[in-house]
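Student: work39.cif is reproduced in full below (mmCIF, C-alpha atoms and all ligand atoms).
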data_input
loop_
_atom_site.label_atom_id
_atom_site.label_comp_id
_atom_site.auth_asym_id
_atom_site.auth_seq_id
_atom_site.Cartn_x
_atom_site.Cartn_y
_atom_site.Cartn_z
CA MET J 346 1.01 -2.65 14.62
CA SER J 347 -2.46 -2.79 13.15
CA ALA J 348 -3.05 -2.88 9.42
CA THR J 349 -5.83 -0.87 7.88
CA PRO J 350 -8.65 -3.22 6.93
CA GLY J 351 -8.58 -4.32 3.34
CA ASP J 352 -5.15 -2.98 2.61
CA GLY J 353 -3.26 -6.24 2.81
CA SER J 354 -1.46 -5.67 -0.44
CA ALA J 355 -1.08 -1.89 -0.41
CA PRO J 356 2.52 -0.85 0.10
CA VAL J 357 3.18 1.48 3.00
CA LEU J 358 5.31 3.54 0.66
CA ARG J 359 5.56 3.72 -3.09
CA ALA J 360 7.58 6.01 -5.30
CA GLU J 361 7.73 6.20 -9.07
CA GLY J 362 10.16 8.03 -11.28
CA LEU J 363 11.62 10.19 -8.52
CA VAL J 364 14.11 12.78 -9.72
CA LYS J 365 15.83 15.46 -7.66
CA THR J 366 18.61 17.84 -8.67
CA HIS J 367 20.17 20.18 -6.12
CA HIS J 368 21.16 23.60 -7.35
CA GLY J 369 23.81 24.85 -4.95
CA GLU J 370 26.91 26.99 -5.38
CA GLY J 371 28.64 24.80 -7.94
CA ALA J 372 27.39 22.57 -10.72
CA PRO J 373 23.92 21.06 -10.24
CA ALA J 374 24.02 17.81 -8.26
CA HIS J 375 21.85 15.14 -9.83
CA ALA J 376 21.21 13.42 -6.52
CA VAL J 377 18.25 11.20 -7.49
CA ARG J 378 17.91 10.25 -11.14
CA GLY J 379 14.79 8.17 -11.52
CA VAL J 380 13.89 5.91 -8.62
CA ASP J 381 11.02 3.44 -8.41
CA LEU J 382 10.52 1.91 -5.00
CA SER J 383 7.82 0.03 -3.18
CA VAL J 384 8.02 -0.86 0.50
CA ARG J 385 5.61 -3.40 1.94
CA ARG J 386 4.16 -3.29 5.40
CA GLY J 387 6.58 -4.80 7.88
CA GLU J 388 9.61 -4.67 5.60
CA PHE J 389 13.00 -3.55 6.88
CA VAL J 390 14.83 -2.00 3.95
CA ALA J 391 18.43 -0.80 4.17
CA VAL J 392 19.67 1.68 1.57
CA THR J 393 23.44 1.60 1.25
CA GLY J 394 25.91 3.16 -1.15
CA PRO J 395 28.90 5.44 -1.40
CA SER J 396 29.00 8.97 -0.06
CA GLY J 397 27.23 11.36 -2.40
CA ALA J 398 25.19 8.60 -4.07
CA GLY J 399 21.96 10.40 -3.14
CA LYS J 400 20.74 8.22 -0.27
CA SER J 401 19.88 11.06 2.09
CA THR J 402 18.19 13.01 -0.68
CA LEU J 403 16.03 9.97 -1.42
CA LEU J 404 15.03 9.69 2.23
CA HIS J 405 14.24 13.40 2.39
CA LEU J 406 11.98 13.03 -0.65
CA LEU J 407 10.21 10.03 0.88
CA GLY J 408 9.58 11.95 4.10
CA GLY J 409 8.38 15.09 2.36
CA LEU J 410 11.34 17.11 3.65
CA GLN J 411 12.36 17.92 0.09
CA ARG J 412 10.24 17.97 -3.02
CA PRO J 413 10.95 15.87 -6.08
CA ASP J 414 11.45 17.64 -9.41
CA GLU J 415 9.66 14.73 -11.05
CA GLY J 416 7.90 11.59 -9.95
CA SER J 417 5.24 10.59 -7.49
CA ILE J 418 5.02 9.32 -3.92
CA TRP J 419 2.19 7.36 -2.31
CA LEU J 420 1.80 6.68 1.38
CA ASP J 421 -0.66 3.86 2.07
CA ASP J 422 -1.92 4.32 -1.48
CA VAL J 423 -2.63 8.01 -0.96
CA ARG J 424 -0.81 10.28 -3.39
CA ALA J 425 1.47 12.48 -1.30
CA ASP J 426 3.85 14.39 -3.56
CA GLY J 427 1.37 17.22 -4.09
CA TRP J 428 0.83 17.83 -0.37
CA SER J 429 1.57 21.27 1.07
CA GLU J 430 4.33 21.69 3.67
CA ALA J 431 1.67 21.96 6.36
CA ARG J 432 -0.03 18.74 5.24
CA TRP J 433 3.31 16.91 5.17
CA ALA J 434 4.07 18.14 8.69
CA VAL J 435 0.74 16.84 9.95
CA GLU J 436 1.05 13.53 8.11
CA ARG J 437 4.62 13.05 9.32
CA ARG J 438 3.40 13.28 12.89
CA LYS J 439 0.89 10.51 12.22
CA ARG J 440 2.51 8.30 9.64
CA ILE J 441 6.26 8.76 9.52
CA GLY J 442 8.83 8.65 12.30
CA ILE J 443 12.12 10.21 11.29
CA VAL J 444 15.53 9.70 12.90
CA PHE J 445 18.59 11.50 11.67
CA GLN J 446 22.22 11.16 12.59
CA PHE J 447 22.19 14.41 14.46
CA PHE J 448 19.31 13.40 16.66
CA ASN J 449 16.90 16.27 15.97
CA LEU J 450 16.28 16.67 19.68
CA VAL J 451 15.29 20.05 21.09
CA SER J 452 18.27 20.96 23.25
CA ASN J 453 16.39 23.08 25.78
CA LEU J 454 13.67 20.53 26.44
CA SER J 455 14.05 17.63 28.84
CA VAL J 456 14.19 14.05 27.55
CA ALA J 457 10.57 13.55 28.68
CA ASP J 458 9.36 16.66 26.85
CA ASN J 459 11.31 15.78 23.73
CA VAL J 460 9.54 12.45 23.52
CA GLU J 461 6.09 13.69 24.54
CA LEU J 462 6.02 16.74 22.29
CA PRO J 463 5.24 14.94 19.00
CA ALA J 464 2.49 12.98 20.75
CA LEU J 465 0.92 16.14 22.16
CA LEU J 466 1.21 17.86 18.77
CA ALA J 467 -0.57 14.91 17.23
CA GLY J 468 -3.44 15.48 19.64
CA LEU J 469 -2.83 12.72 22.17
CA PRO J 470 -4.23 13.55 25.61
CA PRO J 471 -1.39 14.46 28.02
CA LYS J 472 -1.96 11.34 30.13
CA ARG J 473 -1.62 9.06 27.12
CA ALA J 474 1.43 10.97 25.88
CA ARG J 475 3.04 10.47 29.28
CA ALA J 476 2.20 6.79 29.34
CA GLU J 477 3.62 6.31 25.84
CA ARG J 478 6.76 8.18 26.80
CA GLU J 479 7.23 6.15 29.97
CA ALA J 480 6.78 2.88 28.12
CA LEU J 481 9.17 3.80 25.33
CA LEU J 482 11.89 5.23 27.53
CA GLY J 483 11.67 2.16 29.75
CA GLU J 484 11.96 -0.11 26.76
CA LEU J 485 14.90 1.84 25.39
CA GLY J 486 16.75 1.63 28.70
CA LEU J 487 16.30 5.29 29.53
CA ALA J 488 14.05 5.11 32.58
CA GLY J 489 15.40 7.60 35.10
CA LYS J 490 16.70 9.97 32.41
CA GLU J 491 13.38 11.77 31.91
CA ARG J 492 14.51 14.99 33.52
CA SER J 493 17.92 15.09 31.87
CA MET J 494 18.60 17.56 29.11
CA PRO J 495 19.84 16.07 25.82
CA GLY J 496 23.29 17.65 26.31
CA GLU J 497 23.76 15.66 29.51
CA LEU J 498 23.38 12.33 27.72
CA SER J 499 25.87 10.20 25.81
CA GLY J 500 25.62 9.98 22.02
CA GLY J 501 24.00 6.56 22.25
CA GLU J 502 21.49 7.76 24.80
CA GLN J 503 20.61 10.77 22.67
CA GLN J 504 20.15 8.50 19.69
CA ARG J 505 17.77 6.32 21.69
CA VAL J 506 15.79 9.38 22.79
CA ALA J 507 15.55 10.34 19.11
CA LEU J 508 14.23 6.88 18.35
CA ALA J 509 11.65 7.19 21.15
CA ARG J 510 10.62 10.58 19.76
CA ALA J 511 10.23 9.11 16.29
CA LEU J 512 8.19 6.15 17.50
CA VAL J 513 5.96 7.76 20.10
CA ASN J 514 3.04 8.14 17.69
CA HIS J 515 3.37 4.54 16.43
CA PRO J 516 4.04 5.66 12.85
CA PRO J 517 3.44 2.99 10.20
CA LEU J 518 6.77 3.98 8.66
CA LEU J 519 10.14 4.76 10.24
CA LEU J 520 12.71 6.59 8.11
CA ALA J 521 16.20 6.54 9.62
CA ASP J 522 19.22 8.29 8.13
CA GLU J 523 22.52 7.01 9.54
CA PRO J 524 20.95 6.59 12.97
CA ALA J 525 24.20 5.27 14.38
CA GLY J 526 26.47 7.48 12.30
CA SER J 527 28.17 9.15 15.22
CA LEU J 528 28.24 6.16 17.54
CA ASP J 529 30.93 3.66 18.44
CA SER J 530 30.46 -0.09 17.95
CA LYS J 531 28.61 -0.49 21.21
CA GLY J 532 26.24 2.34 20.35
CA THR J 533 25.75 0.94 16.86
CA ARG J 534 24.85 -2.44 18.32
CA GLU J 535 22.34 -0.80 20.65
CA VAL J 536 20.63 1.02 17.82
CA MET J 537 20.60 -2.13 15.70
CA ARG J 538 19.13 -4.19 18.47
CA LEU J 539 16.36 -1.65 18.97
CA LEU J 540 15.57 -1.36 15.28
CA SER J 541 15.45 -5.14 15.01
CA ARG J 542 13.17 -5.39 17.99
CA PHE J 543 10.70 -2.87 16.60
CA HIS J 544 10.90 -4.52 13.20
CA GLN J 545 10.07 -7.88 14.69
CA ARG J 546 6.89 -6.36 16.00
CA GLY J 547 5.96 -5.26 12.52
CA GLN J 548 7.49 -1.80 12.28
CA THR J 549 8.23 -0.88 8.66
CA ILE J 550 11.70 0.67 8.42
CA VAL J 551 13.68 2.34 5.67
CA LEU J 552 17.24 2.82 6.89
CA VAL J 553 19.99 4.73 5.10
CA THR J 554 23.41 3.64 6.23
CA HIS J 555 27.05 3.26 5.25
CA ASP J 556 27.39 0.63 7.91
CA ALA J 557 27.31 -2.93 6.57
CA ARG J 558 26.59 -4.22 10.06
CA LEU J 559 23.47 -2.09 10.34
CA ALA J 560 22.40 -3.07 6.85
CA SER J 561 22.77 -6.73 7.74
CA ALA J 562 19.86 -6.42 10.16
CA ALA J 563 17.51 -5.59 7.28
CA ASP J 564 15.64 -8.14 5.19
CA ARG J 565 16.11 -6.18 1.98
CA VAL J 566 19.19 -4.23 0.94
CA ILE J 567 19.09 -1.60 -1.78
CA SER J 568 22.42 -0.49 -3.20
CA PHE J 569 22.24 3.09 -4.30
CA PHE J 570 24.76 4.39 -6.79
CA ASP J 571 24.91 7.67 -8.64
CA GLY J 572 21.28 8.56 -7.94
CA ARG J 573 19.86 5.22 -8.94
CA ILE J 574 19.04 1.84 -7.48
CA ALA J 575 21.90 -0.38 -8.64
CA ASP J 576 20.76 -3.48 -6.81
CA ASP J 577 17.72 -4.47 -4.78
CA ALA J 578 18.13 -7.73 -2.92
CA THR J 579 15.82 -9.48 -0.54
CA LEU J 580 18.14 -11.42 1.69
CA GLU J 581 17.78 -15.15 1.29
CA GLY J 582 16.42 -17.17 4.11
CA THR J 583 14.94 -14.08 5.68
CA PRO J 584 11.57 -14.70 7.22
CA ALA J 585 8.86 -12.15 6.48
CA ARG J 586 9.41 -10.36 9.74
CA GLY J 587 13.17 -10.06 9.41
CA LYS J 588 16.14 -11.99 10.61
CA GLY J 589 15.51 -11.22 14.18
CA ILE J 590 17.77 -10.35 16.94
CA SER J 591 20.11 -13.34 16.78
CA GLY J 592 21.99 -11.92 13.81
CA VAL J 593 22.32 -8.65 15.64
CA LEU J 594 23.69 -10.18 18.77
CA GLU J 595 26.42 -11.88 16.80
CA LEU J 596 28.03 -8.51 16.19
CA ARG J 597 31.37 -7.91 17.77
CA ASP J 598 33.50 -4.79 18.08
N1 LIG J 601 21.01 20.88 -0.19
C1 LIG J 601 21.88 20.56 -1.13
N2 LIG J 601 22.35 21.51 -1.98
C2 LIG J 601 23.22 21.20 -2.96
N3 LIG J 601 23.70 19.96 -3.18
C3 LIG J 601 23.29 18.98 -2.35
C4 LIG J 601 22.35 19.24 -1.29
N4 LIG J 601 22.12 18.07 -0.66
C5 LIG J 601 22.86 17.13 -1.27
N5 LIG J 601 23.55 17.68 -2.30
C6 LIG J 601 24.43 16.95 -3.23
O1 LIG J 601 23.66 15.89 -3.78
C7 LIG J 601 24.46 14.72 -3.90
C8 LIG J 601 23.82 13.60 -3.10
O2 LIG J 601 23.89 13.94 -1.71
P1 LIG J 601 23.25 13.01 -0.57
O3 LIG J 601 23.52 13.68 0.74
O4 LIG J 601 21.87 12.71 -0.94
O5 LIG J 601 24.15 11.70 -0.73
P2 LIG J 601 24.40 10.52 0.31
O6 LIG J 601 24.45 9.27 -0.49
O7 LIG J 601 23.39 10.58 1.40
O8 LIG J 601 25.82 10.89 0.86
P3 LIG J 601 26.43 10.61 2.34
O9 LIG J 601 26.48 9.13 2.46
O10 LIG J 601 27.79 11.24 2.26
O11 LIG J 601 25.51 11.27 3.32
C9 LIG J 601 25.86 15.10 -3.43
O12 LIG J 601 26.60 15.44 -4.56
C10 LIG J 601 25.61 16.29 -2.56
O13 LIG J 601 26.74 17.15 -2.53
#
How would this structure read if it were set down as structure tokens?

Tutor:
Amino acid sequence: MSATPGDGSAPVLRAEGLVKTHHGEGAPAHAVRGVDLSVRRGEFVAVTGPSGAGKSTLLHLLGGLQRPDEGSIWLDDVRADGWSEARWAVERRKRIGIVFQFFNLVSNLSVADNVELPALLAGLPPKRARAEREALLGELGLAGKERSMPGELSGGEQQRVALARALVNHPPLLLADEPAGSLDSKGTREVMRLLSRFHQRGQTIVLVTHDARLASAADRVISFFDGRIADDATLEGTPARGKGISGVLELRD
């Protein structure tokens, strides 16, 4: 991953004073109540916390999928919270890979098309998009599945396709919300191993998870409680580029 010249100290992502209240059927839900956060290039940050704490809302705000009521967001030191929907969509293609629990794959497109589509939308020539797709699917152990439809794949395979789709444009930032939420232990290990591998190459990751095992792959763990950051710990002994794959491989069912 290449850094922009001269930006050595600029965080990939910065948020200040984020507030978001959902107004649904019942009482307003104060999901995010004043969050300051800065994520450095190459960091792997896990956000954990109880159900309803506001973790997913925070991730949606950071990815421009929901708008904050208050506060500001910078991506690579560019103020982003005032962007239009269209601008966010364009910038997401370039800067932010997003993986959700429910895969966000297009069910009537093949695996190959699902992965290539974001690259083509971002303006990559078809040949390059194909080469990127081939490389990623190979790396994720999905070579030979290009023509399959998402519904023909296992949960773990679908999750890996979603990861390939999110990474095909080499986004500086990967936002992942419970990326192994529906998977068994083996699937969780696979996802962890892949996230660790990309992190080791410099991929910046913000991961929302309930799963302590997934969080243990990160080099910084944020505990989210009642819409706020309750704790923000850089794990001791963690080298700058993360703990690496050894910790991941120690996982057992
Ligand atoms: N679109 C919405 N409309 C109304 N309320 C919402 C909406 N999205 C989230 N909420 C509420 O906001 C609060 C925070 O939800 P959020 O999904 O961000 O929490 P979470 O920590 O990610 O939970 P989980 O771990 O269960 O996914 C909850 O009370 C939830 O019910």

Student: From the list J:Ala434, J:Ala474, J:Val566, J:Leu403, which residue is nearest ligand LIG 601 (chain J) when using all atoms listed in the file?

Tutor: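 Checking each candidate against ligand LIG 601 (chain J), we get J:Leu403 as the closest.
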
Student: Please determine the residues with any atom at most 10 Å from (24.3, 2.2, 7.4) (coordinates as given in the file, with only C-alpha atoms counting) and report them as a ChimeraX atom specification.

Tutor: /J:391-394,521-526,533,552-561

Student: Using Å and a single decimal, report how far atom O5 of ligand LIG 601 (chain J) sits from CA of Pro413 (chain J).

Tutor: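 These atoms are spaced 14.8 Å apart.
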
Student: Return as a ChimeraX atom specification every polymer residue, whether protein, DNA or RNA, with at least one atom no more than 7 Å from an atom of ligand LIG 601 (chain J); count only C-alpha atoms and all ligand atoms.

Tutor: /J:367-369,374-376,394-403,555

Student: Can you tell me how far CA of Asp571 (chain J) sits from CA of Ala507 (chain J), in Å to one decimal?

Tutor: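 Those two atoms sit 29.4 Å apart.
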